Amino acid sequence: QVQLVESGGGLVQAGGSLRLSCADSGRTFSRYAMGWFRQAPGKEREFVSAITWNIGTTTYADSVKGRFAISKDNAKNTVYLQMNSLKPEDTAVYYCAADITERIFGSLPSMWGREYKYWGQGTQVTVSS
């Protein structure tokens, strides 16, 4: 059974930083990319960032470009999301997810949640003004 476990969420003031982590537990699996998504109360889930597992190609939502940075540690099967200059509108539950689809090498990581098979349970990020 595959499990993704997020950690690092919390309460922070606007302008502050947090670093989220997402680690595998359970059986190992191959993946094309790992992504971060978020869902705020009353809103639909939205894409935040993603990274390909082999060569580390990244994509970001426009709303977080320049503030967030995704990275990975293949040896630890862990993906990170460094969030800087946080804003109240970043408040949401943040989820990591794994895309296990076989894709053409060099393809950008997907921004579509439906293309991710495994999901973590989420970690709450609250940014106060």
# chains A, B, ... in the order shown; residues from 1 in each chain; ligands from 1
$ residues_around --residues "Ile55 (chain A)" --least-positions-apart "2" --cutoff "10 Å" --atoms "only C-alpha atoms" --output "number ranges by chain"
A: 32-33, 51-53, 57-58, 105-106
$ write_last_selection --atoms "all heavy atoms" --output "PDB file, in the first residue's frame"
ATOM      1  N   TYR A  32       6.414   9.448 -12.151  1.00  0.00           N
ATOM      2  CA  TYR A  32       6.943  10.411 -13.088  1.00  0.00           C
ATOM      3  C   TYR A  32       7.160  11.762 -12.423  1.00  0.00           C
ATOM      4  O   TYR A  32       8.137  12.445 -12.689  1.00  0.00           O
ATOM      5  CB  TYR A  32       6.028  10.593 -14.306  1.00  0.00           C
ATOM      6  CG  TYR A  32       6.665  11.501 -15.314  1.00  0.00           C
ATOM      7  CD1 TYR A  32       7.689  11.053 -16.132  1.00  0.00           C
ATOM      8  CD2 TYR A  32       6.297  12.849 -15.395  1.00  0.00           C
ATOM      9  CE1 TYR A  32       8.329  11.898 -17.020  1.00  0.00           C
ATOM     10  CE2 TYR A  32       6.926  13.701 -16.283  1.00  0.00           C
ATOM     11  CZ  TYR A  32       7.942  13.214 -17.095  1.00  0.00           C
ATOM     12  OH  TYR A  32       8.586  14.053 -17.968  1.00  0.00           O
ATOM     13  N   ALA A  33       6.233  12.126 -11.576  1.00  0.00           N
ATOM     14  CA  ALA A  33       6.320  13.448 -10.943  1.00  0.00           C
ATOM     15  C   ALA A  33       5.615  13.440  -9.604  1.00  0.00           C
ATOM     16  O   ALA A  33       4.799  12.558  -9.315  1.00  0.00           O
ATOM     17  CB  ALA A  33       5.695  14.509 -11.845  1.00  0.00           C
ATOM     18  N   ILE A  51       7.059  18.637  -9.742  1.00  0.00           N
ATOM     19  CA  ILE A  51       8.446  18.398 -10.133  1.00  0.00           C
ATOM     20  C   ILE A  51       8.571  16.990 -10.686  1.00  0.00           C
ATOM     21  O   ILE A  51       7.996  16.044 -10.134  1.00  0.00           O
ATOM     22  CB  ILE A  51       9.384  18.606  -8.922  1.00  0.00           C
ATOM     23  CG1 ILE A  51      10.852  18.496  -9.324  1.00  0.00           C
ATOM     24  CG2 ILE A  51       9.064  17.637  -7.782  1.00  0.00           C
ATOM     25  CD1 ILE A  51      11.817  18.989  -8.245  1.00  0.00           C
ATOM     26  N   THR A  52       9.286  16.845 -11.797  1.00  0.00           N
ATOM     27  CA  THR A  52       9.513  15.504 -12.326  1.00  0.00           C
ATOM     28  C   THR A  52      10.568  14.804 -11.485  1.00  0.00           C
ATOM     29  O   THR A  52      11.503  15.435 -10.986  1.00  0.00           O
ATOM     30  CB  THR A  52       9.958  15.539 -13.790  1.00  0.00           C
ATOM     31  OG1 THR A  52      11.158  16.305 -13.905  1.00  0.00           O
ATOM     32  CG2 THR A  52       8.890  16.147 -14.679  1.00  0.00           C
ATOM     33  N   TRP A  53      10.392  13.506 -11.348  1.00  0.00           N
ATOM     34  CA  TRP A  53      11.221  12.784 -10.393  1.00  0.00           C
ATOM     35  C   TRP A  53      12.626  12.527 -10.911  1.00  0.00           C
ATOM     36  O   TRP A  53      13.584  12.484 -10.137  1.00  0.00           O
ATOM     37  CB  TRP A  53      10.539  11.467 -10.023  1.00  0.00           C
ATOM     38  CG  TRP A  53      10.973  10.921  -8.709  1.00  0.00           C
ATOM     39  CD1 TRP A  53      11.621   9.750  -8.469  1.00  0.00           C
ATOM     40  CD2 TRP A  53      10.790  11.540  -7.419  1.00  0.00           C
ATOM     41  NE1 TRP A  53      11.857   9.601  -7.125  1.00  0.00           N
ATOM     42  CE2 TRP A  53      11.354  10.683  -6.461  1.00  0.00           C
ATOM     43  CE3 TRP A  53      10.203  12.733  -6.999  1.00  0.00           C
ATOM     44  CZ2 TRP A  53      11.351  10.981  -5.096  1.00  0.00           C
ATOM     45  CZ3 TRP A  53      10.195  13.026  -5.651  1.00  0.00           C
ATOM     46  CH2 TRP A  53      10.771  12.157  -4.718  1.00  0.00           C
ATOM     47  N   THR A  57      12.403  18.758 -13.464  1.00  0.00           N
ATOM     48  CA  THR A  57      11.711  19.863 -14.132  1.00  0.00           C
ATOM     49  C   THR A  57      10.543  20.314 -13.258  1.00  0.00           C
ATOM     50  O   THR A  57       9.799  19.493 -12.736  1.00  0.00           O
ATOM     51  CB  THR A  57      11.178  19.410 -15.498  1.00  0.00           C
ATOM     52  OG1 THR A  57      12.275  18.920 -16.283  1.00  0.00           O
ATOM     53  CG2 THR A  57      10.515  20.558 -16.216  1.00  0.00           C
ATOM     54  N   THR A  58      10.392  21.620 -13.123  1.00  0.00           N
ATOM     55  CA  THR A  58       9.375  22.146 -12.219  1.00  0.00           C
ATOM     56  C   THR A  58       8.345  23.014 -12.942  1.00  0.00           C
ATOM     57  O   THR A  58       8.616  23.589 -13.999  1.00  0.00           O
ATOM     58  CB  THR A  58      10.022  22.991 -11.116  1.00  0.00           C
ATOM     59  OG1 THR A  58      10.736  24.074 -11.713  1.00  0.00           O
ATOM     60  CG2 THR A  58      10.988  22.160 -10.285  1.00  0.00           C
ATOM     61  N   PHE A 105       9.884  11.010 -21.666  1.00  0.00           N
ATOM     62  CA  PHE A 105      10.950  11.636 -20.888  1.00  0.00           C
ATOM     63  C   PHE A 105      11.097  13.090 -21.301  1.00  0.00           C
ATOM     64  O   PHE A 105      11.144  13.420 -22.476  1.00  0.00           O
ATOM     65  CB  PHE A 105      12.258  10.882 -21.108  1.00  0.00           C
ATOM     66  CG  PHE A 105      13.389  11.408 -20.283  1.00  0.00           C
ATOM     67  CD1 PHE A 105      13.541  11.018 -18.972  1.00  0.00           C
ATOM     68  CD2 PHE A 105      14.296  12.322 -20.817  1.00  0.00           C
ATOM     69  CE1 PHE A 105      14.577  11.514 -18.199  1.00  0.00           C
ATOM     70  CE2 PHE A 105      15.334  12.813 -20.062  1.00  0.00           C
ATOM     71  CZ  PHE A 105      15.476  12.410 -18.753  1.00  0.00           C
ATOM     72  N   GLY A 106      11.165  13.965 -20.315  1.00  0.00           N
ATOM     73  CA  GLY A 106      11.289  15.392 -20.593  1.00  0.00           C
ATOM     74  C   GLY A 106       9.987  16.140 -20.592  1.00  0.00           C
ATOM     75  O   GLY A 106       9.994  17.384 -20.674  1.00  0.00           O
TER      76      GLY A 106
END
$ closest_residue --among "A:Gly26, A:Pro109, A:Gly56, A:Pro41" --to "Glu89 (chain A)" --atoms "only C-alpha atoms"
A:Pro41
$ select_by_dssp --residues "region 27-90 of chain A" --states "helix (DSSP H, G or I)" --output "number ranges by chain"
A: 74-76, 88-90
$ write_last_selection --atoms "N, CA and C atoms" --output "PDB file, in the first residue's frame"
ATOM      1  N   ASN A  74      15.533  12.264  -3.905  1.00  0.00           N
ATOM      2  CA  ASN A  74      15.178  10.935  -4.409  1.00  0.00           C
ATOM      3  C   ASN A  74      15.566   9.830  -3.432  1.00  0.00           C
ATOM      4  N   ALA A  75      16.695   9.995  -2.772  1.00  0.00           N
ATOM      5  CA  ALA A  75      17.162   8.957  -1.851  1.00  0.00           C
ATOM      6  C   ALA A  75      16.199   8.779  -0.683  1.00  0.00           C
ATOM      7  N   LYS A  76      15.549   9.845  -0.293  1.00  0.00           N
ATOM      8  CA  LYS A  76      14.599   9.794   0.826  1.00  0.00           C
ATOM      9  C   LYS A  76      13.162   9.683   0.351  1.00  0.00           C
ATOM     10  N   PRO A  88      -2.168  35.791   3.350  1.00  0.00           N
ATOM     11  CA  PRO A  88      -3.382  35.165   3.892  1.00  0.00           C
ATOM     12  C   PRO A  88      -4.113  34.299   2.863  1.00  0.00           C
ATOM     13  N   GLU A  89      -4.045  34.675   1.608  1.00  0.00           N
ATOM     14  CA  GLU A  89      -4.721  33.887   0.571  1.00  0.00           C
ATOM     15  C   GLU A  89      -4.035  32.555   0.287  1.00  0.00           C
ATOM     16  N   ASP A  90      -2.881  32.314   0.898  1.00  0.00           N
ATOM     17  CA  ASP A  90      -2.236  31.003   0.792  1.00  0.00           C
ATOM     18  C   ASP A  90      -2.811  30.000   1.804  1.00  0.00           C
TER      19      ASP A  90
END
$ closest_residue --among "A:Gly35, A:Gly42, A:Gly16, A:Gly66" --to "Leu4 (chain A)" --atoms "only C-alpha atoms"
A:Gly35
$ atom_distance --atom1 "CA of Val127 (chain A)" --atom2 "CA of Glu46 (chain A)"
17.3 Å
$ select_by_dssp --residues "region 18-116 of chain A" --states "strand (DSSP E)" --output "MDAnalysis selection string"
chainID A and resid 18:26 33:39 46:52 58:60 68:73 78:83 92:99
$ residues_around --residues "Gly10 (chain A)" --least-positions-apart "5" --cutoff "7 Å" --atoms "only C-alpha atoms" --output "PyMOL selection string"
chain A and resi 124-126
$ atom_distance --atom1 "CA of Glu6 (chain A)" --atom2 "CA of Gln39 (chain A)"
14.4 Å
$ closest_residue --among "A:Met34, A:Val64, A:Val79, A:Leu86" --to "Trp112 (chain A)" --atoms "only C-alpha atoms"
A:Met34
$ closest_residue --among "A:Thr59, A:Ser49, A:Thr101, A:Lys65" --to "Phe37 (chain A)" --atoms "only C-alpha atoms"
A:Ser49
